[in-house]
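Engineer: This is model32.cif (mmCIF, C-alpha atoms).
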```cif
data_protein
loop_
_atom_site.label_atom_id
_atom_site.label_comp_id
_atom_site.auth_asym_id
_atom_site.auth_seq_id
_atom_site.Cartn_x
_atom_site.Cartn_y
_atom_site.Cartn_z
CA MET M 780 65.92 -7.78 28.52
CA ASN M 781 65.75 -7.64 24.74
CA THR M 782 62.77 -5.55 23.69
CA ARG M 783 63.98 -5.20 20.14
CA ALA M 784 61.56 -7.87 18.94
CA ILE M 785 58.66 -5.74 20.16
CA THR M 786 59.85 -2.42 18.75
CA ASP M 787 60.80 -4.09 15.45
CA PHE M 788 57.37 -5.62 15.22
CA ALA M 789 55.71 -2.24 15.81
CA SER M 790 57.84 -0.61 13.14
CA GLN M 791 56.44 -3.06 10.57
CA PHE M 792 53.16 -1.17 10.98
CA GLY M 793 54.76 2.21 10.49
CA VAL M 794 54.79 3.24 14.16
CA GLN M 795 57.38 3.54 16.89
CA ILE M 796 56.65 2.43 20.41
CA ALA M 797 58.79 3.08 23.44
CA VAL M 798 58.98 0.32 26.02
CA ASN M 799 59.80 1.27 29.60
CA LEU M 800 62.27 -1.40 30.63
CA ASP M 801 61.53 -0.78 34.31
CA LEU M 802 58.01 -1.96 33.73
CA MET M 803 58.76 -4.96 31.54
CA VAL M 804 58.96 -8.46 32.98
CA GLU M 805 59.80 -11.65 31.16
CA SER M 806 59.23 -15.31 31.77
CA ALA M 807 60.25 -18.08 29.37
CA GLU M 808 60.61 -15.58 26.50
CA ARG M 809 57.12 -14.24 27.12
CA PHE M 810 57.05 -10.48 27.58
CA TYR M 811 54.73 -8.56 29.90
CA LEU M 812 54.15 -4.91 30.67
CA VAL M 813 53.14 -4.02 34.23
CA ASN M 814 52.35 -0.69 35.87
CA PHE M 815 53.73 0.82 39.07
CA ALA M 816 50.82 -0.51 41.15
CA LEU M 817 51.29 -4.04 39.88
CA LYS M 818 55.06 -4.29 39.94
CA PRO M 819 55.32 -4.83 43.73
CA LEU M 820 53.03 -7.85 43.34
CA VAL M 821 55.30 -9.58 40.82
CA ARG M 822 57.51 -12.36 42.17
CA PRO M 823 60.07 -14.30 40.09
CA THR M 824 57.75 -17.33 39.94
CA PHE M 825 54.89 -15.53 38.18
CA PHE M 826 52.91 -17.32 35.46
CA SER M 827 51.67 -14.15 33.77
CA ALA M 828 51.67 -10.48 34.75
CA GLY M 829 49.90 -7.35 33.57
CA VAL M 830 49.66 -6.94 29.83
CA PHE M 831 51.00 -9.87 27.83
CA LEU M 832 52.82 -8.37 24.83
CA GLY M 833 53.96 -11.47 22.99
CA LYS M 834 56.42 -14.30 22.95
CA ALA M 835 59.65 -15.09 21.15
CA LYS M 836 60.16 -18.56 19.78
CA GLU M 837 63.13 -19.71 17.72
CA GLY M 838 64.03 -16.14 16.87
CA LYS M 839 60.52 -15.22 15.75
CA PHE M 840 58.18 -12.86 17.59
CA PHE M 841 54.51 -13.69 18.10
CA PRO M 842 52.50 -10.65 19.21
CA SER M 843 49.56 -10.68 21.58
CA PHE M 844 46.24 -9.00 20.94
CA ASN M 845 47.17 -6.53 23.67
CA LEU M 846 50.15 -5.40 21.63
CA LEU M 847 48.00 -5.09 18.51
CA GLY M 848 45.60 -3.02 20.62
CA MET M 849 48.46 -0.72 21.61
CA LEU M 850 49.44 -0.28 17.96
CA ALA M 851 45.79 0.30 17.04
CA LYS M 852 45.72 3.32 19.37
CA LYS M 853 48.56 4.82 17.35
CA GLU M 854 48.50 5.69 13.69
CA ALA M 855 49.50 2.19 12.63
CA ASN M 856 48.80 1.03 9.08
CA ARG M 857 45.37 -0.49 8.85
CA ILE M 858 42.59 -1.63 6.62
CA ILE M 859 38.89 -1.50 7.43
CA LEU M 860 36.73 -4.36 6.22
CA ASP M 861 33.06 -4.65 5.41
CA LYS M 862 30.84 -6.65 7.77
CA LYS M 863 30.98 -9.98 5.94
CA ALA M 864 34.72 -9.91 5.37
CA ALA M 865 35.30 -8.95 9.01
CA TRP M 866 33.50 -12.11 10.11
CA LEU M 867 35.36 -14.26 7.57
CA PHE M 868 38.66 -12.79 8.77
CA ILE M 869 37.83 -13.83 12.35
CA CYS M 870 37.19 -17.30 10.96
CA GLY M 871 40.77 -17.35 9.68
CA ARG M 872 40.17 -16.35 6.06
CA ASP M 873 42.33 -14.10 3.91
CA ILE M 874 41.09 -10.77 2.60
CA LEU M 875 39.90 -9.90 -0.88
CA ARG M 876 40.45 -6.45 -2.31
CA LYS M 877 36.72 -5.88 -2.76
CA SER M 878 36.11 -6.36 0.99
CA ILE M 879 38.30 -3.45 1.98
CA VAL M 880 36.29 -0.34 2.76
CA ARG M 881 39.22 1.91 3.60
CA VAL M 882 43.01 1.86 3.77
CA GLN M 883 45.12 3.92 6.16
CA GLY M 884 48.82 4.00 5.42
CA PRO M 885 50.80 3.22 2.28
CA GLY M 886 49.38 -0.31 1.86
CA LYS M 887 52.63 -1.50 0.31
CA LYS M 888 53.17 -5.11 -0.68
CA ASP M 889 55.15 -7.28 1.79
CA THR M 890 54.32 -5.15 4.81
CA ASN M 891 51.96 -5.84 7.72
CA THR M 892 48.64 -4.18 8.33
CA LEU M 893 46.20 -4.17 11.20
CA VAL M 894 42.73 -5.32 10.29
CA PHE M 895 39.68 -3.45 11.62
CA ASN M 896 35.95 -3.92 11.42
CA GLU M 897 33.51 -1.16 10.56
CA PHE M 898 33.15 -0.31 14.29
CA GLY M 899 36.84 0.62 14.47
CA GLU M 900 37.84 -2.48 16.44
CA CYS M 901 41.07 -4.28 15.76
CA LEU M 902 40.46 -7.90 14.77
CA GLY M 903 44.06 -8.93 14.13
CA PHE M 904 46.67 -8.38 11.48
CA GLY M 905 47.72 -9.64 8.10
CA ARG M 906 50.46 -9.52 5.50
CA ILE M 907 49.86 -7.48 2.37
CA VAL M 908 50.61 -9.75 -0.59
CA GLU M 909 49.31 -7.55 -3.38
CA LYS M 910 48.98 -3.81 -3.80
CA LEU M 911 45.82 -2.71 -2.02
CA ARG M 912 45.03 0.02 -4.51
CA ASP M 913 45.17 0.43 -8.26
CA SER M 914 44.38 -3.06 -9.38
CA ALA M 915 41.75 -4.41 -11.67
CA ASN M 916 41.26 -7.74 -9.88
CA ASP M 917 38.75 -7.08 -7.10
CA ASN M 918 38.33 -10.76 -6.26
CA GLY M 919 41.98 -11.43 -5.62
CA ILE M 920 43.46 -12.03 -2.19
CA VAL M 921 45.44 -8.98 -1.14
CA VAL M 922 46.04 -9.61 2.57
CA ARG M 923 46.94 -12.96 4.10
CA ASN M 924 45.54 -13.57 7.57
CA VAL M 925 48.36 -13.89 10.11
CA LEU M 926 46.49 -13.53 13.41
CA ASP M 927 42.84 -12.90 14.24
CA ILE M 928 40.75 -12.87 17.42
CA GLY M 929 39.15 -16.19 16.47
CA ASP M 930 42.41 -17.55 17.84
CA PHE M 931 40.88 -17.34 21.33
CA LEU M 932 38.45 -20.08 20.34
CA ARG M 933 41.03 -22.15 18.47
CA ARG M 934 43.34 -22.17 21.50
CA GLU M 935 40.69 -23.89 23.57
CA ARG M 936 40.24 -26.84 21.22
CA MET T 344 25.82 -41.73 52.84
CA SER T 345 25.04 -40.66 49.33
CA GLY T 346 22.42 -40.71 46.62
CA ARG T 347 19.53 -38.54 45.58
CA GLU T 348 17.26 -39.52 48.47
CA PHE T 349 19.91 -38.91 51.09
CA PHE T 350 20.78 -35.43 49.86
CA THR T 351 17.23 -34.31 48.99
CA SER T 352 16.04 -35.32 52.45
CA ARG T 353 18.81 -33.15 53.90
CA TYR T 354 17.61 -30.22 51.79
CA GLU T 355 14.09 -30.81 53.07
CA GLN T 356 15.34 -30.69 56.65
CA LEU T 357 16.95 -27.36 55.75
CA GLY T 358 13.62 -26.07 54.48
CA TRP T 359 13.82 -26.55 50.73
CA GLN T 360 11.81 -28.93 48.59
CA TYR T 361 13.89 -30.53 45.83
CA GLN T 362 12.91 -29.65 42.25
CA GLU T 363 14.40 -30.26 38.84
CA VAL T 364 16.07 -27.18 37.39
CA THR T 365 17.01 -26.12 33.87
CA LEU T 366 19.54 -23.34 33.88
CA LYS T 367 19.35 -20.40 31.50
CA GLN T 368 22.47 -19.08 29.84
CA ALA T 369 23.65 -15.73 31.20
CA ILE T 370 26.27 -13.20 30.21
CA ARG T 371 28.02 -10.43 32.13
CA ILE T 372 28.94 -7.26 30.30
CA ASN T 373 32.51 -6.09 30.75
CA ASN T 374 31.83 -2.38 31.09
CA ASN T 375 35.44 -1.34 30.52
CA ASN T 376 35.44 -2.90 27.06
CA SER T 377 31.95 -2.08 25.94
CA LYS T 378 31.51 1.60 26.81
CA GLY T 379 29.76 3.39 23.98
CA LYS T 380 29.59 0.22 21.86
CA LYS T 381 25.80 -0.25 21.86
CA LEU T 382 26.48 -3.88 22.69
CA ILE T 383 22.90 -4.97 23.33
CA ALA T 384 21.77 -3.64 19.94
CA ARG T 385 24.76 -5.18 18.19
CA LEU T 386 24.00 -8.57 19.69
CA ALA T 387 20.32 -8.23 18.77
CA ASP T 388 21.41 -7.61 15.16
CA LEU T 389 23.20 -10.96 15.32
CA GLY T 390 20.09 -12.65 16.69
CA VAL T 391 21.26 -12.80 20.32
CA HIS T 392 18.34 -11.51 22.39
CA LEU T 393 18.98 -10.54 25.98
CA HIS T 394 16.96 -9.65 29.03
CA LYS T 395 18.40 -7.76 31.98
CA ILE T 396 18.80 -9.85 35.14
CA SER T 397 16.99 -7.83 37.78
CA PHE T 398 19.35 -8.68 40.64
CA LEU T 399 22.63 -8.01 38.83
CA ASP T 400 24.23 -4.78 37.65
CA SER T 401 25.72 -6.09 34.41
CA GLY T 402 24.09 -9.49 33.95
CA TYR T 403 21.71 -10.51 31.17
CA TRP T 404 19.79 -13.68 30.40
CA VAL T 405 20.25 -15.00 26.87
CA LEU T 406 16.61 -15.45 25.86
CA ASP T 407 17.34 -16.93 22.46
CA SER T 408 20.23 -16.88 20.07
CA LYS T 409 20.74 -17.66 16.40
CA VAL T 410 24.49 -17.90 16.96
CA SER T 411 26.62 -19.19 19.78
CA ALA T 412 26.98 -16.39 22.33
CA GLY T 413 30.53 -17.62 22.87
CA ALA T 414 31.60 -17.12 19.29
CA THR T 415 30.68 -13.57 18.30
CA ALA T 416 33.21 -10.85 17.48
CA GLU T 417 31.88 -8.94 20.49
CA TYR T 418 32.68 -11.88 22.77
CA LEU T 419 36.13 -12.32 21.23
CA LEU T 420 36.76 -8.60 21.76
CA GLY T 421 36.07 -9.07 25.47
CA MET T 422 32.91 -6.98 25.60
CA TYR T 423 31.16 -9.66 27.64
CA SER T 424 31.76 -12.96 29.37
CA ILE T 425 29.52 -15.97 29.61
CA GLN T 426 28.94 -16.42 33.31
CA GLU T 427 26.18 -18.18 35.22
CA ALA T 428 23.94 -15.64 36.96
CA ALA T 429 24.64 -16.67 40.57
CA ALA T 430 28.38 -16.73 39.86
CA GLN T 431 28.14 -13.01 39.09
CA ILE T 432 27.17 -12.21 42.67
CA PRO T 433 30.32 -12.75 44.79
CA VAL T 434 32.54 -10.08 43.24
CA SER T 435 29.69 -7.56 43.31
CA VAL T 436 29.41 -7.64 47.12
CA PHE T 437 32.92 -6.32 47.83
CA THR T 438 33.15 -2.69 48.93
CA HIS T 439 35.54 -0.25 47.25
CA LEU T 440 37.56 -2.46 44.92
CA LYS T 441 39.10 0.25 42.77
CA GLY T 442 42.81 0.72 43.48
CA LYS T 443 42.93 -2.12 46.03
CA LYS T 444 45.22 -5.14 46.32
CA VAL T 445 43.01 -8.15 45.72
CA LEU T 446 43.74 -11.86 46.00
CA ASP T 447 41.68 -14.26 43.91
CA VAL T 448 42.01 -17.75 45.36
CA SER T 449 41.35 -20.66 42.95
CA ALA T 450 40.93 -18.19 40.12
CA ALA T 451 40.77 -20.33 36.97
CA PRO T 452 39.08 -20.24 34.52
CA GLY T 453 38.93 -16.54 35.37
CA GLY T 454 35.30 -15.40 35.15
CA LYS T 455 35.45 -13.76 38.54
CA THR T 456 38.98 -12.42 38.01
CA VAL T 457 37.76 -10.58 34.92
CA HIS T 458 34.75 -9.34 36.89
CA LEU T 459 37.10 -8.01 39.59
CA ALA T 460 39.26 -6.24 37.01
CA ASP T 461 36.17 -4.74 35.39
CA LEU T 462 34.88 -3.31 38.68
CA MET T 463 38.42 -2.11 39.52
CA GLU T 464 38.63 -0.45 36.08
CA ASN T 465 42.00 -2.17 35.80
CA LEU T 466 43.35 -0.04 38.66
CA GLY T 467 45.15 -1.51 41.67
CA GLY T 468 46.29 -5.10 41.42
CA ILE T 469 44.89 -8.61 41.47
CA VAL T 470 46.89 -11.69 42.33
CA ALA T 471 45.21 -14.76 40.85
CA LEU T 472 46.16 -18.27 41.98
CA ASP T 473 45.47 -21.73 40.72
CA VAL T 474 47.30 -25.03 40.78
CA ASP T 475 46.42 -26.58 37.44
CA LYS T 476 48.48 -25.49 34.43
CA TRP T 477 45.77 -26.32 31.91
CA ARG T 478 43.27 -24.24 33.87
CA LEU T 479 45.82 -21.44 34.21
CA ASN T 480 46.18 -21.31 30.43
CA ALA T 481 42.40 -20.90 30.19
CA LEU T 482 42.65 -18.13 32.78
CA VAL T 483 45.35 -16.16 30.95
CA ASN T 484 43.49 -16.53 27.65
CA HIS T 485 40.41 -15.13 29.38
CA LEU T 486 42.44 -12.21 30.75
CA GLU T 487 43.94 -11.45 27.34
CA ARG T 488 40.57 -11.66 25.58
CA CYS T 489 39.03 -9.27 28.12
CA ARG T 490 42.02 -6.87 28.04
CA VAL T 491 42.71 -7.25 31.75
CA SER T 492 45.91 -5.41 32.64
CA ASN T 493 46.05 -5.40 36.44
CA THR T 494 46.54 -9.08 37.26
CA VAL T 495 49.51 -11.23 38.19
CA VAL T 496 48.91 -14.96 37.91
CA TYR T 497 50.77 -17.63 39.87
CA MET T 498 50.67 -21.40 39.69
CA LEU T 499 50.39 -21.76 43.43
CA ASP T 500 48.26 -23.68 45.89
CA ALA T 501 46.28 -21.00 47.71
CA ARG T 502 47.10 -22.73 50.98
CA GLN T 503 50.60 -21.35 50.43
CA ALA T 504 49.52 -17.84 49.44
CA SER T 505 51.45 -16.25 52.33
CA THR T 506 54.73 -17.37 50.69
CA LEU T 507 54.17 -14.44 48.29
CA ASP T 508 54.62 -12.13 51.28
CA ILE T 509 51.85 -9.74 50.21
CA LYS T 510 49.07 -8.35 52.38
CA PHE T 511 45.78 -7.91 50.58
CA ASP T 512 42.88 -5.49 51.10
CA ARG T 513 40.32 -7.87 49.61
CA ILE T 514 40.32 -11.62 49.08
CA LEU T 515 37.92 -13.65 47.01
CA VAL T 516 37.68 -17.22 48.27
CA ASP T 517 35.50 -18.78 45.60
CA ALA T 518 36.33 -22.12 47.07
CA PRO T 519 36.62 -25.45 45.28
CA CYS T 520 33.47 -27.24 46.39
CA SER T 521 31.17 -30.20 45.87
CA GLY T 522 29.06 -28.29 43.34
CA ASN T 523 25.33 -28.89 43.00
CA PHE T 524 22.90 -30.98 40.98
CA ALA T 525 21.65 -28.03 38.93
CA ALA T 526 25.03 -27.61 37.26
CA ASP T 527 25.92 -31.32 37.11
CA LYS T 528 23.44 -33.93 35.90
CA ASN T 529 25.32 -36.77 37.56
CA TRP T 530 25.81 -34.96 40.83
CA PHE T 531 23.75 -37.30 43.04
CA ALA T 532 25.45 -40.37 41.59
CA ASN T 533 28.94 -38.98 42.07
CA ARG T 534 28.86 -37.33 45.49
CA THR T 535 28.99 -38.67 49.02
CA LEU T 536 28.89 -36.94 52.38
CA LYS T 537 32.54 -37.88 52.72
CA ASP T 538 33.36 -35.74 49.64
CA VAL T 539 31.45 -32.87 51.20
CA GLU T 540 33.35 -33.17 54.46
CA ARG T 541 36.69 -33.39 52.65
CA ASN T 542 35.88 -30.23 50.68
CA ALA T 543 34.76 -28.46 53.86
CA GLY T 544 38.16 -29.24 55.39
CA LEU T 545 39.99 -27.86 52.35
CA GLN T 546 37.83 -24.72 52.47
CA ARG T 547 38.79 -24.14 56.11
CA GLU T 548 42.46 -24.42 55.15
CA LEU T 549 41.91 -21.85 52.38
CA LEU T 550 40.11 -19.51 54.78
CA THR T 551 42.89 -19.85 57.33
CA GLU T 552 45.57 -18.96 54.78
CA ALA T 553 43.44 -16.15 53.37
CA SER T 554 43.15 -14.76 56.88
CA ASN T 555 46.95 -14.77 57.15
CA CYS T 556 47.23 -12.69 53.96
CA LEU T 557 44.53 -10.14 54.79
CA ILE T 558 45.07 -6.71 56.32
CA ASP T 559 43.16 -5.76 59.46
CA ASP T 560 39.69 -4.53 58.50
CA GLY T 561 40.14 -6.23 55.13
CA GLU T 562 37.34 -8.20 53.51
CA ILE T 563 36.98 -11.76 52.34
CA VAL T 564 34.10 -12.77 50.14
CA TYR T 565 33.58 -16.48 50.50
CA SER T 566 31.44 -18.34 48.00
CA THR T 567 30.68 -21.85 46.86
CA CYS T 568 28.25 -23.41 44.42
CA SER T 569 27.52 -26.13 46.95
CA LEU T 570 24.20 -26.56 48.75
CA GLU T 571 25.74 -28.49 51.61
CA PRO T 572 25.82 -26.61 54.93
CA GLU T 573 29.17 -28.15 55.90
CA GLU T 574 30.74 -26.08 53.08
CA ASN T 575 28.68 -23.00 53.80
CA GLU T 576 27.02 -21.93 57.06
CA LEU T 577 28.99 -24.39 59.21
CA ASN T 578 32.28 -23.18 57.73
CA MET T 579 31.30 -19.55 58.32
CA ASP T 580 30.37 -20.34 61.91
CA TRP T 581 33.79 -21.96 62.31
CA ALA T 582 35.53 -18.94 60.68
CA ILE T 583 34.04 -16.35 63.01
CA LYS T 584 34.89 -18.48 66.03
CA ASN T 585 38.44 -19.35 64.99
CA LEU T 586 39.77 -16.70 62.59
CA ASN T 587 38.71 -13.40 64.14
CA PHE T 588 36.17 -12.55 61.45
CA GLN T 589 32.80 -10.92 61.62
CA ILE T 590 30.09 -11.42 59.03
CA GLU T 591 28.96 -8.31 57.19
CA GLU T 592 25.53 -7.60 55.78
CA ILE T 593 25.34 -8.03 52.01
CA TYR T 594 22.63 -6.87 49.65
CA CYS T 595 22.13 -9.33 46.84
CA ASN T 596 19.77 -12.00 45.62
CA GLY T 597 19.19 -15.01 47.88
CA GLU T 598 17.72 -16.16 51.15
CA LYS T 599 19.17 -15.55 54.59
CA GLY T 600 21.85 -17.97 55.73
CA LEU T 601 20.59 -20.80 57.92
CA THR T 602 21.30 -20.47 61.64
CA ASN T 603 20.05 -23.90 62.64
CA ILE T 604 21.63 -26.82 60.84
CA PHE T 605 20.20 -30.24 61.66
CA GLY T 606 19.52 -29.06 65.22
CA LYS T 607 22.85 -27.30 65.74
CA GLN T 608 22.44 -23.61 66.60
CA LEU T 609 24.93 -21.33 64.84
CA ASP T 610 25.99 -17.75 65.49
CA PRO T 611 23.03 -15.46 64.71
CA SER T 612 25.18 -13.34 62.36
CA ILE T 613 25.20 -16.28 59.92
CA LYS T 614 21.81 -15.04 58.72
CA ARG T 615 23.70 -12.22 56.97
CA CYS T 616 25.04 -14.80 54.50
CA LYS T 617 23.05 -15.47 51.34
CA ARG T 618 21.95 -18.90 50.22
CA LEU T 619 20.53 -19.43 46.72
CA TRP T 620 18.62 -22.65 46.25
CA PRO T 621 18.51 -23.86 42.62
CA GLY T 622 15.73 -22.35 40.56
CA GLU T 623 16.29 -19.23 38.54
CA THR T 624 20.03 -19.82 39.05
CA GLN T 625 22.19 -22.71 40.14
CA GLY T 626 22.66 -23.28 43.87
CA PHE T 627 25.04 -20.82 45.49
CA PHE T 628 26.25 -19.45 48.79
CA VAL T 629 27.90 -16.08 49.47
CA CYS T 630 29.23 -14.48 52.61
CA LYS T 631 31.29 -11.37 53.32
CA LEU T 632 33.74 -11.65 56.20
CA LYS T 633 35.55 -8.70 57.72
CA LYS T 634 38.75 -9.22 59.67
CA ARG T 635 38.52 -7.54 63.05
CA SER T 636 41.40 -5.20 63.72
CA LEU T 637 43.66 -6.03 66.67
CA GLN T 638 42.17 -3.16 68.69
CA GLN T 639 38.68 -4.69 68.50
#
```
Give the structure from the file, written as structure tokens.

Structural biologist:
Amino acid sequence: MNTRAITDFASQFGVQIAVNLDLMVESAERFYLVNFALKPLVRPTFFSAGVFLGKAKEGKFFPSFNLLGMLAKKEANRIILDKKAAWLFICGRDILRKSIVRVQGPGKKDTNTLVFNEFGECLGFGRIVEKLRDSANDNGIVVRNVLDIGDFLRRER
Amino acid sequence: MSGREFFTSRYEQLGWQYQEVTLKQAIRINNNNSKGKKLIARLADLGVHLHKISFLDSGYWVLDSKVSAGATAEYLLGMYSIQEAAAQIPVSVFTHLKGKKVLDVSAAPGGKTVHLADLMENLGGIVALDVDKWRLNALVNHLERCRVSNTVVYMLDARQASTLDIKFDRILVDAPCSGNFAADKNWFANRTLKDVERNAGLQRELLTEASNCLIDDGEIVYSTCSLEPEENELNMDWAIKNLNFQIEEIYCNGEKGLTNIFGKQLDPSIKRCKRLWPGETQGFFVCKLKKRSLQQ
């Protein structure tokens, strides 16, 4: 099984994750992590199993919220938003510099960052399109929304 | 044999006077995801006011809400699920779920699967079955939203559950059923006694297969949201006479199961079942069956 997509994705946030191949299962390019208690219950015909990590499609990797949660537990790059911006992010909006309360990590342009609310909960991730610090334009978009938890509602439409 | 008069006269014969019911919205807190989060206060800040449901451990009525309770960040982070109050009962009557192997028959859209995982603290394993792909997608979205990590999902008719070759400690048979008028405004217009009897037959098939997959001394919790005795007390009477089950006492909201159905006397242990007539909640029926070991 090729887990490179997962480890590469994690490295975009400045962290390394190790994936135990014995506990990974795959179905139709969807990757799952199971534990030792669950593994004996997995048959080849499963629809989903354990923790869904993400899916590969046409060479691109689409992470799950579980995987983002795993990165969030590590020292992954992140920004913390104020209350209003956190809600707008969940609604699919991009992030303005003035909405960012705190930055953890280098915040370099063209890298990914996790997006947190003020309660320390991961709401998704985005792509940094402008330097997060040292800029005069507070109203400019600095992080493009890539994935947010509002996706759970959009999927059901 | 159908229509409002036909069914309401049956309910009267069973001792309940028909009344119109307006259901209140309820939520169930997912304790694994909300520990230390001050969830009730956070929701109150958003204008979602809750009141504890006296007969549930983690259930709350939504008294009033300025926002949709199904579209808050807290909901999307899996801190709670929207789940009708009576539907929160079945999972809560199992004994010792943590670390067990549990089968969830007809699992989609996953409210009870998530409840199982929450009580199991994501330890042990759940196998969740359903036959409809669209409903399965709703189930796996629900599992992902609520950070459930101990569940394997199969697109499989539960009547073929033994093909998985797994023996389970606990089985939830929240059976497909005829439903009830409190949850479906057109119920009386759409249901006939024939539908009820067809569903009762399917439920017996599910119970039979569940019995095949259960360890000795294992437990089945059987539930429906039907008011019809063919799907409830009569099926339980059949199960104890044909599948080597005994009915266990359960402590939850509801009235005793009926032991006399239209003049037919049932096994006295049927009174250990719980029947909820519509009112505070929708109509519901719950029963805990224990498989007798071979020595018994």

Engineer: Write out as a list in words each polymer residue whose atoms come within 7 Å of Ser449 in chain T, counting only C-alpha atoms; drop sequence neighbours fewer than 2 positions from it.

Structural biologist: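 So, after excluding close chain neighbours, the residues are Asp447, Ala451, Leu472, Asp473, Ala501, Asp517 and Ala518 of chain T.
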
Engineer: With the PyMOL selection byres ((chain T) within 7 of (chain M)) as the selection, what would be picked from this file? Answer as a PDB file with C-alpha atoms, keeping the file's coordinate frame, please.

Structural biologist:
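Now in out.pdb:
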```
ATOM      1  CA  LEU T 419      36.130 -12.320  21.230  1.00  0.00           C
ATOM      2  CA  GLY T 467      45.150  -1.510  41.670  1.00  0.00           C
ATOM      3  CA  GLY T 468      46.290  -5.100  41.420  1.00  0.00           C
ATOM      4  CA  ASN T 484      43.490 -16.530  27.650  1.00  0.00           C
ATOM      5  CA  GLU T 487      43.940 -11.450  27.340  1.00  0.00           C
ATOM      6  CA  ARG T 490      42.020  -6.870  28.040  1.00  0.00           C
ATOM      7  CA  SER T 492      45.910  -5.410  32.640  1.00  0.00           C
ATOM      8  CA  ASN T 493      46.050  -5.400  36.440  1.00  0.00           C
ATOM      9  CA  THR T 494      46.540  -9.080  37.260  1.00  0.00           C
ATOM     10  CA  VAL T 495      49.510 -11.230  38.190  1.00  0.00           C
ATOM     11  CA  VAL T 496      48.910 -14.960  37.910  1.00  0.00           C
ATOM     12  CA  TYR T 497      50.770 -17.630  39.870  1.00  0.00           C
ATOM     13  CA  MET T 498      50.670 -21.400  39.690  1.00  0.00           C
TER      14      MET T 498
END
```

Engineer: Please provide the set of residues having any atom within 7 Å of range 613-621 of chain T, restricted to only C-alpha atoms, with same-chain residues fewer than 3 positions apart removed, written as number ranges by chain.

Structural biologist: T: 364, 525, 576, 580, 590-593, 597-602, 610, 624-630

Engineer: What does the distance from CA of Ala369 in chain T to CA of Val457 in chain T come to in Å, to one decimal?

Structural biologist: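 Going from CA of Ala369 in chain T over to CA of Val457 in chain T covers 15.5 Å.
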
Engineer: Report, as JSON, the centre and edge lengths in Å (one decimal) of the axis-aligned box enclosing every listed atom of range 523-542 of chain T, padded by 6 Å on each side.

Structural biologist:
```
{"center_x": 29.2, "center_y": -34.0, "center_z": 45.2, "size_x": 27.0, "size_y": 24.8, "size_z": 30.6}
```

Engineer: Which value, in Å to one decimal, gives the distance between CA of Pro452 in chain T and CA of Leu482 in chain T?

Structural biologist: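 Interatomic distance, CA of Pro452 in chain T to CA of Leu482 in chain T: 4.5 Å.
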